[in-house]
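Read the structure below first, then the notes.
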Protein chains: 2
Amino acid sequence: MAKKNAPQRKVRRFAGFDIGGTKLYCVITDENGKVLGKGRKKTKPEGGFKGVMERVRKTLNEACKDADVKFEDLEAIGLGSPSPIMADGTAVFAPNLGWRNVPLSKTVSKMTGRPVFAENDVNAGTFGEYMLGAGKGAKTLVGLFPGTGLGGGIVYHGELIRGENRMAAELGHVVVQVDGRPCGCGHLGCLESYASKTGMGKRFTQEIVEKKRDSMLTKECKGNYGNVKSSILARAYKAKDKVVTEALHEAARYLGIGVGNMVTILGPDTVVLGGGVFEALGKELIGLVRKAAKTSTLPEESLKDTKIVLAKLGDDAVALGAMMYARSCVVAAK
Amino acid sequence: MAKKNAPQRKVRRFAGFDIGGTKLYCVITDENGKVLGKGRKKTKPEGGFKGVMERVRKTLNEACKDADVKFEDLEAIGLGSPSPIMADGTAVFAPNLGWRNVPLSKTVSKMTGRPVFAENDVNAGTFGEYMLGAGKGAKTLVGLFPGTGLGGGIVYHGELIRGENRMAAELGHVVVQVDGRPCGCGHLGCLESYASKTGMGKRFTQEIVEKKRDSMLTKECKGNYGNVKSSILARAYKAKDKVVTEALHEAARYLGIGVGNMVTILGPDTVVLGGGVFEALGKELIGLVRKAAKTSTLPEESLKDTKIVLAKLGDDAVALGAMMYARSCVVAAK
């Protein structure tokens, strides 16, 4: 009875977490995703799952302090993490964190006493853009995020498509070139092997080391082209470095073909492009992506019904998406 | 009041129609899709939309007679037709029928006095396999049907994915080979340009006409390799004709890569393979498809959770799928 008569809390607070391989980032928000406080720490995955969980708690503390709220004020906590996540919140396999089958949601829930909902980080970022960013108002949204690799996510009529085994939407690993360039995943011709920084790295090595072509990268990267910083790519592109320009144009073309494939398959009304490369050079490359999409979209007129736009949430996408995902789970549970 | 007190009809009857470019095929069924009667006529698209509609009425009459039911006994009529279909039942563009923006559902409804629901034919066929065929019990199902072209459909948690503009799931036109073989659609490297009979036809011309290789097809096809009958392909394959075997193995490999791509994107629990080629040679080729799917599915272990199976409904798939689709619309409207 005491509970029943207690005054209804007017404010609803949420936490959203980006648990990355190098950084932990937490936001405290109101129910609409307005950020009220932040916390940041290094992940230090070498401390193992327990060590990282302890740092998650500290980061959450810091964010709560910043927002002037307590753990018990949080209606729910959302986590985004680079792993497939099972329905019970188990993180199946996160190579960057050294995790295999760890009880992610349960552990954070026990630690905080709050309901916790975990999601794959790229899925969370896609959901963030869908709810609060460039995809606001979309019905079907496809997100493609070229950075070191190429992550992707799909929201279909309000829900993330995860696949029946919760491991799908690996959009960077759609094969677009049978017997093509080797991909880090072991397959040949994945979209990622052309349209990500790792993919471009293979081209840089070929052009600069094997063909001995001139490029600003020679000095900037000291022979290591595997994952050139997006800011360096942007500088070289703006200085009209030929090797870099060719690689970025090839990447944009392949990405566009990948976009067109997704339009052919799912007919989304919105495609969001983000990630490091598009945060640095989105305005310069998006026209090429749209042009290439025409060569793979069927019927081509579908592109008239598809907005291809740049992501808006930047580094906040995963944390905000995780928060909105947690909110949606709380609503669904009611 | 009269209606309220009328005895409830115990039997529920449905009609399902396959309106193809050459044949009209109609089934009358009970509510579970059990076929009670059939009707068949040639389409004769040269008669225009009105002429075809008149033949549709006659075919329906024939099927009703065969099943001993009247138009008014039909709870609903489902139509499958080779066109994108808008929500109001307009068929947007059916090149095989010479239709552009014709009011398909409305016309048949006016003609019969019954509720009519139209769907794209490949979507209907996919839905048929999902409800009554090889995909019974599936949650997410992808259908791929290589014949003259390569049609595809997706059912996600009970509903067809049509795309926001109702023109998507064109799975034969996913580009799998950038700058690859020309496809009938005008693009390069579509799955259809390798894994359909039209696609194989290009290879046959190359091997037999240009390279002057021996093949049974020389005699069978008289120089026209564009759309070799599946039964001839089957005979040549079983006779170990080298040109045909190589083409079919290539087609199966590409189809497998296409299957893997769909698993990587959507994580279906079931993939159904049908269409003319797989009706004739499914048992012979499905192993190659499964093997090739491993080279494009990420994570590869997703394939453990994905059944790749042969379609079961054969020529009845579109009509039965259309009927089940109509049934689902009636249920949704209640």
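Identifiers in the structure tokens: chain A, B, ... in order shown; residue index from 1 per chain; ligand index from 1 in order shown.
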Please return as an MDAnalysis selection string: the residues of segment 16-210 of chain B that backbone DSSP assigns to helix (DSSP H, G or I).
-> chainID B and resid 45:67 71:73 104:112 121:132 171:173 192:195 197:210
Name the residues of segment 90-260 of chain B that come out as strand (DSSP E) in a backbone DSSP run; write them as a ChimeraX atom specification.
-> /B:90-94,99-103,116-120,140-146,150-156,159-160
Residues of chain B within 9 Å of chain A, using only C-alpha atoms, as number ranges by chain?
-> B: 139-140, 153-154, 161-171, 173-180, 185-190, 254, 257-258, 260-269, 295-299, 302, 305-306
LSQ fit chain A -> chain B, C-alpha in sequence order, output as a short mmCIF file (atom, residue, chain, number, x, y, z; two decimals) with C-alpha atoms, in the first residue's frame:
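Result saved to result-v1.cif:
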data_model
loop_
_atom_site.label_atom_id
_atom_site.label_comp_id
_atom_site.auth_asym_id
_atom_site.auth_seq_id
_atom_site.Cartn_x
_atom_site.Cartn_y
_atom_site.Cartn_z
CA MET A 1 -31.35 -8.17 -37.27
CA ALA A 2 -31.90 -10.82 -39.94
CA LYS A 3 -28.18 -11.00 -40.48
CA LYS A 4 -27.44 -11.26 -36.81
CA ASN A 5 -29.71 -14.24 -36.41
CA ALA A 6 -28.62 -16.02 -39.56
CA PRO A 7 -26.85 -19.32 -38.87
CA GLN A 8 -23.07 -18.91 -38.95
CA ARG A 9 -21.52 -20.35 -42.07
CA LYS A 10 -19.38 -23.27 -41.01
CA VAL A 11 -17.25 -23.53 -44.11
CA ARG A 12 -14.77 -20.87 -45.15
CA ARG A 13 -13.71 -20.95 -48.77
CA PHE A 14 -10.97 -18.97 -50.49
CA ALA A 15 -9.72 -18.50 -54.05
CA GLY A 16 -6.06 -18.09 -54.95
CA PHE A 17 -4.95 -16.90 -58.37
CA ASP A 18 -1.70 -17.05 -60.27
CA ILE A 19 -2.04 -14.43 -63.01
CA GLY A 20 1.03 -15.09 -65.13
CA GLY A 21 2.13 -13.76 -68.50
CA THR A 22 1.08 -16.96 -70.27
CA LYS A 23 -1.21 -18.85 -67.88
CA LEU A 24 -4.03 -18.12 -65.47
CA TYR A 25 -4.33 -20.65 -62.66
CA CYS A 26 -6.92 -20.57 -59.90
CA VAL A 27 -7.42 -22.78 -56.87
CA ILE A 28 -10.42 -22.92 -54.55
CA THR A 29 -9.43 -24.00 -51.07
CA ASP A 30 -10.67 -24.41 -47.56
CA GLU A 31 -9.28 -22.08 -44.92
CA ASN A 32 -6.21 -24.28 -44.45
CA GLY A 33 -5.23 -24.21 -48.09
CA LYS A 34 -6.58 -27.65 -48.98
CA VAL A 35 -7.35 -27.49 -52.70
CA LEU A 36 -11.00 -28.26 -53.52
CA GLY A 37 -11.07 -27.23 -57.15
CA LYS A 38 -8.96 -25.76 -59.95
CA GLY A 39 -9.30 -23.67 -63.06
CA ARG A 40 -6.84 -22.94 -65.83
CA LYS A 41 -6.81 -20.78 -68.94
CA LYS A 42 -4.31 -19.05 -71.17
CA THR A 43 -3.78 -15.43 -70.19
CA LYS A 44 -3.80 -13.95 -73.71
CA PRO A 45 -2.39 -10.60 -72.58
CA GLU A 46 -2.91 -9.25 -76.10
CA GLY A 47 -6.55 -8.79 -75.10
CA GLY A 48 -5.46 -5.97 -72.80
CA PHE A 49 -6.35 -5.56 -69.14
CA LYS A 50 -10.11 -5.87 -69.79
CA GLY A 51 -9.64 -8.99 -71.87
CA VAL A 52 -7.46 -10.63 -69.21
CA MET A 53 -9.94 -9.69 -66.49
CA GLU A 54 -12.72 -11.38 -68.45
CA ARG A 55 -10.57 -14.53 -68.69
CA VAL A 56 -9.86 -14.29 -64.96
CA ARG A 57 -13.61 -14.35 -64.34
CA LYS A 58 -14.03 -17.42 -66.54
CA THR A 59 -11.14 -19.20 -64.84
CA LEU A 60 -12.62 -18.45 -61.45
CA ASN A 61 -15.99 -19.77 -62.66
CA GLU A 62 -14.35 -22.97 -63.81
CA ALA A 63 -12.55 -23.43 -60.48
CA CYS A 64 -15.71 -22.69 -58.47
CA LYS A 65 -17.64 -25.22 -60.53
CA ASP A 66 -14.89 -27.78 -59.99
CA ALA A 67 -15.07 -27.18 -56.21
CA ASP A 68 -18.86 -26.94 -56.21
CA VAL A 69 -18.92 -23.47 -54.62
CA LYS A 70 -20.38 -20.14 -55.69
CA PHE A 71 -18.70 -16.74 -55.83
CA GLU A 72 -20.65 -15.72 -52.72
CA ASP A 73 -19.19 -18.65 -50.79
CA LEU A 74 -15.72 -17.16 -51.13
CA GLU A 75 -14.57 -15.29 -48.06
CA ALA A 76 -11.84 -13.62 -50.09
CA ILE A 77 -9.86 -13.90 -53.30
CA GLY A 78 -6.06 -13.60 -53.47
CA LEU A 79 -4.23 -12.64 -56.64
CA GLY A 80 -0.55 -13.07 -57.45
CA SER A 81 0.74 -11.11 -60.40
CA PRO A 82 4.18 -10.25 -61.87
CA SER A 83 4.19 -6.58 -60.88
CA PRO A 84 4.81 -4.39 -57.88
CA ILE A 85 1.42 -4.05 -56.21
CA MET A 86 0.44 -0.94 -54.28
CA ALA A 87 -1.49 -1.06 -51.00
CA ASP A 88 -4.75 -0.30 -52.86
CA GLY A 89 -4.23 -3.29 -55.21
CA THR A 90 -2.97 -1.34 -58.20
CA ALA A 91 -0.54 -3.31 -60.39
CA VAL A 92 2.14 -0.76 -61.22
CA PHE A 93 4.11 -2.31 -64.02
CA ALA A 94 3.82 -5.81 -65.46
CA PRO A 95 5.83 -5.96 -68.69
CA ASN A 96 4.77 -9.57 -69.41
CA LEU A 97 1.13 -8.52 -69.27
CA GLY A 98 1.52 -5.09 -70.83
CA TRP A 99 0.02 -3.44 -67.72
CA ARG A 100 0.82 -0.08 -66.23
CA ASN A 101 -1.07 1.19 -63.18
CA VAL A 102 -4.14 -1.00 -63.58
CA PRO A 103 -6.68 -1.31 -60.71
CA LEU A 104 -6.26 -5.06 -60.32
CA SER A 105 -7.92 -5.77 -56.95
CA LYS A 106 -10.74 -3.31 -57.52
CA THR A 107 -11.64 -4.75 -60.90
CA VAL A 108 -11.76 -8.36 -59.69
CA SER A 109 -13.68 -7.26 -56.60
CA LYS A 110 -16.29 -5.44 -58.69
CA MET A 111 -16.56 -8.45 -61.00
CA THR A 112 -17.10 -10.96 -58.21
CA GLY A 113 -18.57 -8.97 -55.35
CA ARG A 114 -15.93 -10.46 -53.05
CA PRO A 115 -13.00 -8.91 -51.11
CA VAL A 116 -9.86 -9.17 -53.24
CA PHE A 117 -6.22 -8.84 -52.17
CA ALA A 118 -3.40 -8.71 -54.72
CA GLU A 119 0.29 -9.35 -54.17
CA ASN A 120 3.40 -9.59 -56.31
CA ASP A 121 3.63 -13.16 -57.62
CA VAL A 122 7.07 -14.01 -56.19
CA ASN A 123 6.05 -12.51 -52.84
CA ALA A 124 2.90 -14.63 -52.97
CA GLY A 125 4.94 -17.76 -53.79
CA THR A 126 7.31 -17.03 -50.91
CA PHE A 127 4.37 -16.52 -48.58
CA GLY A 128 2.88 -19.80 -49.80
CA GLU A 129 6.07 -21.71 -48.95
CA TYR A 130 6.11 -19.93 -45.58
CA MET A 131 2.53 -20.84 -44.69
CA LEU A 132 2.06 -24.22 -46.35
CA GLY A 133 5.33 -25.43 -47.86
CA ALA A 134 8.99 -25.87 -47.06
CA GLY A 135 8.99 -22.88 -44.72
CA LYS A 136 6.17 -23.98 -42.43
CA GLY A 137 7.05 -22.94 -38.91
CA ALA A 138 9.80 -20.51 -40.00
CA LYS A 139 10.17 -17.12 -38.31
CA THR A 140 12.23 -15.34 -40.95
CA LEU A 141 12.21 -16.83 -44.42
CA VAL A 142 14.06 -15.89 -47.59
CA GLY A 143 12.89 -17.42 -50.87
CA LEU A 144 15.04 -17.51 -54.01
CA PHE A 145 13.54 -18.81 -57.22
CA PRO A 146 15.90 -19.12 -60.19
CA GLY A 147 14.07 -19.68 -63.46
CA THR A 148 14.11 -17.46 -66.53
CA GLY A 149 15.03 -14.67 -64.13
CA LEU A 150 15.65 -14.88 -60.41
CA GLY A 151 12.80 -13.88 -58.14
CA GLY A 152 13.01 -13.49 -54.40
CA GLY A 153 10.86 -12.80 -51.40
CA ILE A 154 11.26 -12.20 -47.68
CA VAL A 155 8.86 -13.03 -44.87
CA TYR A 156 9.82 -11.48 -41.55
CA HIS A 157 7.91 -12.53 -38.45
CA GLY A 158 4.74 -13.32 -40.34
CA GLU A 159 4.77 -10.47 -42.83
CA LEU A 160 6.16 -9.97 -46.31
CA ILE A 161 8.85 -7.31 -46.51
CA ARG A 162 7.89 -5.20 -49.51
CA GLY A 163 9.91 -2.08 -48.91
CA GLU A 164 8.46 1.30 -48.12
CA ASN A 165 7.64 1.86 -51.79
CA ARG A 166 6.43 -1.77 -52.21
CA MET A 167 9.06 -2.49 -54.84
CA ALA A 168 11.77 -4.21 -52.82
CA ALA A 169 12.89 -7.81 -52.29
CA GLU A 170 14.26 -7.88 -55.83
CA LEU A 171 16.79 -10.40 -54.61
CA GLY A 172 17.93 -11.43 -58.09
CA HIS A 173 19.23 -7.92 -58.62
CA VAL A 174 21.61 -7.69 -55.70
CA VAL A 175 25.01 -6.90 -57.23
CA VAL A 176 27.48 -9.64 -56.32
CA GLN A 177 30.10 -8.86 -58.93
CA VAL A 178 30.86 -5.17 -59.36
CA ASP A 179 31.46 -4.51 -63.09
CA GLY A 180 30.43 -8.12 -63.77
CA ARG A 181 28.23 -9.81 -66.38
CA PRO A 182 25.54 -7.60 -67.94
CA CYS A 183 22.06 -8.27 -66.54
CA GLY A 184 18.76 -7.88 -68.39
CA CYS A 185 17.92 -5.04 -66.00
CA GLY A 186 20.72 -2.89 -67.41
CA HIS A 187 23.02 -3.22 -64.40
CA LEU A 188 26.24 -5.22 -64.18
CA GLY A 189 26.92 -8.23 -61.97
CA CYS A 190 23.45 -8.90 -60.54
CA LEU A 191 22.94 -12.32 -58.98
CA GLU A 192 20.42 -13.01 -61.77
CA SER A 193 23.09 -12.54 -64.43
CA TYR A 194 24.87 -15.65 -63.10
CA ALA A 195 22.28 -17.78 -61.34
CA SER A 196 19.26 -17.68 -63.69
CA LYS A 197 18.59 -19.30 -67.07
CA THR A 198 19.00 -15.94 -68.80
CA GLY A 199 22.33 -15.58 -67.03
CA MET A 200 23.47 -19.07 -67.96
CA GLY A 201 22.35 -18.35 -71.52
CA LYS A 202 25.06 -15.72 -71.83
CA ARG A 203 27.59 -18.30 -70.75
CA PHE A 204 26.21 -20.89 -73.20
CA THR A 205 26.50 -18.46 -76.10
CA GLN A 206 30.08 -17.72 -75.11
CA GLU A 207 31.10 -21.35 -74.72
CA ILE A 208 29.17 -22.90 -77.62
CA VAL A 209 29.06 -20.14 -80.24
CA GLU A 210 32.25 -18.20 -79.53
CA LYS A 211 34.53 -20.94 -78.20
CA LYS A 212 32.85 -23.60 -80.37
CA ARG A 213 32.69 -26.16 -77.57
CA ASP A 214 30.62 -29.32 -77.96
CA SER A 215 27.34 -29.54 -76.07
CA MET A 216 24.00 -31.32 -76.29
CA LEU A 217 22.48 -27.85 -76.32
CA THR A 218 23.70 -27.18 -79.87
CA LYS A 219 21.10 -29.59 -81.20
CA GLU A 220 18.44 -29.01 -78.56
CA CYS A 221 18.38 -25.23 -78.66
CA LYS A 222 19.15 -24.38 -82.27
CA GLY A 223 21.29 -21.42 -81.44
CA ASN A 224 18.89 -19.88 -78.96
CA TYR A 225 20.44 -20.19 -75.52
CA GLY A 226 18.72 -17.26 -73.85
CA ASN A 227 16.19 -19.30 -71.88
CA VAL A 228 16.87 -23.05 -72.18
CA LYS A 229 14.08 -25.20 -70.70
CA SER A 230 14.89 -26.55 -67.25
CA SER A 231 14.04 -30.07 -68.44
CA ILE A 232 16.70 -29.81 -71.17
CA LEU A 233 19.23 -28.54 -68.64
CA ALA A 234 18.39 -31.47 -66.38
CA ARG A 235 18.81 -33.98 -69.18
CA ALA A 236 22.15 -32.50 -70.26
CA TYR A 237 23.36 -32.32 -66.65
CA LYS A 238 22.49 -35.96 -66.04
CA ALA A 239 24.28 -36.91 -69.30
CA LYS A 240 27.34 -35.07 -67.90
CA ASP A 241 27.38 -32.47 -70.67
CA LYS A 242 30.42 -30.39 -69.72
CA VAL A 243 29.27 -26.99 -70.86
CA VAL A 244 25.93 -27.37 -69.08
CA THR A 245 27.53 -28.81 -65.94
CA GLU A 246 29.99 -25.94 -65.66
CA ALA A 247 27.25 -23.36 -66.11
CA LEU A 248 24.97 -24.99 -63.54
CA HIS A 249 27.79 -25.29 -61.05
CA GLU A 250 28.66 -21.64 -61.53
CA ALA A 251 24.99 -20.75 -61.13
CA ALA A 252 24.74 -22.82 -57.93
CA ARG A 253 27.89 -21.22 -56.56
CA TYR A 254 26.63 -17.69 -57.20
CA LEU A 255 23.23 -18.59 -55.81
CA GLY A 256 24.95 -19.90 -52.69
CA ILE A 257 26.85 -16.65 -52.32
CA GLY A 258 23.54 -14.83 -52.72
CA VAL A 259 22.02 -17.06 -50.03
CA GLY A 260 24.96 -16.35 -47.72
CA ASN A 261 24.55 -12.61 -48.29
CA MET A 262 20.93 -12.82 -47.21
CA VAL A 263 21.93 -14.78 -44.10
CA THR A 264 24.58 -12.16 -43.31
CA ILE A 265 21.99 -9.39 -43.70
CA LEU A 266 18.79 -10.83 -42.23
CA GLY A 267 19.73 -14.01 -40.37
CA PRO A 268 16.69 -16.01 -41.52
CA ASP A 269 16.06 -19.41 -39.94
CA THR A 270 14.94 -20.75 -43.32
CA VAL A 271 15.99 -20.23 -46.94
CA VAL A 272 13.78 -21.84 -49.57
CA LEU A 273 15.09 -22.52 -53.07
CA GLY A 274 12.58 -23.07 -55.85
CA GLY A 275 11.80 -22.04 -59.41
CA GLY A 276 12.24 -24.01 -62.61
CA VAL A 277 15.94 -24.80 -62.24
CA PHE A 278 15.59 -26.10 -58.68
CA GLU A 279 12.41 -28.02 -59.44
CA ALA A 280 14.39 -29.88 -62.12
CA LEU A 281 17.78 -30.17 -60.41
CA GLY A 282 17.31 -29.18 -56.78
CA LYS A 283 18.66 -32.38 -55.26
CA GLU A 284 21.72 -32.27 -57.49
CA LEU A 285 22.55 -28.61 -56.83
CA ILE A 286 21.54 -27.84 -53.26
CA GLY A 287 24.79 -29.22 -51.80
CA LEU A 288 26.80 -26.81 -53.96
CA VAL A 289 24.60 -23.94 -52.87
CA ARG A 290 25.13 -24.77 -49.21
CA LYS A 291 28.89 -25.05 -49.75
CA ALA A 292 29.11 -21.69 -51.50
CA ALA A 293 26.96 -20.02 -48.85
CA LYS A 294 29.80 -20.64 -46.42
CA THR A 295 32.02 -18.29 -48.41
CA SER A 296 29.71 -15.33 -47.89
CA THR A 297 27.91 -15.89 -44.57
CA LEU A 298 29.26 -13.94 -41.61
CA PRO A 299 29.54 -15.23 -39.01
CA GLU A 300 29.80 -18.58 -40.77
CA GLU A 301 28.26 -20.32 -37.77
CA SER A 302 24.98 -18.57 -38.65
CA LEU A 303 24.55 -21.27 -41.27
CA LYS A 304 24.11 -23.82 -38.49
CA ASP A 305 20.97 -21.93 -37.53
CA THR A 306 19.70 -21.64 -41.11
CA LYS A 307 17.85 -24.40 -42.94
CA ILE A 308 18.48 -24.22 -46.69
CA VAL A 309 15.74 -26.32 -48.26
CA LEU A 310 13.95 -27.00 -51.52
CA ALA A 311 10.53 -25.48 -52.17
CA LYS A 312 7.59 -27.86 -51.84
CA LEU A 313 4.61 -26.26 -53.53
CA GLY A 314 5.88 -26.25 -57.13
CA ASP A 315 3.41 -24.72 -59.60
CA ASP A 316 0.84 -24.18 -56.85
CA ALA A 317 3.05 -21.83 -54.80
CA VAL A 318 1.77 -18.50 -56.18
CA ALA A 319 -1.93 -19.43 -56.16
CA LEU A 320 -1.75 -20.95 -52.67
CA GLY A 321 0.36 -18.08 -51.38
CA ALA A 322 -2.13 -15.56 -52.80
CA MET A 323 -4.95 -17.46 -51.09
CA MET A 324 -3.12 -17.49 -47.74
CA TYR A 325 -2.29 -13.81 -48.16
CA ALA A 326 -5.98 -13.03 -48.73
CA ARG A 327 -6.82 -15.06 -45.62
CA SER A 328 -4.30 -13.10 -43.58
CA CYS A 329 -5.80 -9.81 -44.81
CA VAL A 330 -9.30 -10.92 -43.84
CA VAL A 331 -8.05 -11.88 -40.38
CA ALA A 332 -6.21 -8.56 -40.02
CA ALA A 333 -9.36 -6.63 -41.01
CA LYS A 334 -11.47 -8.33 -38.33
#
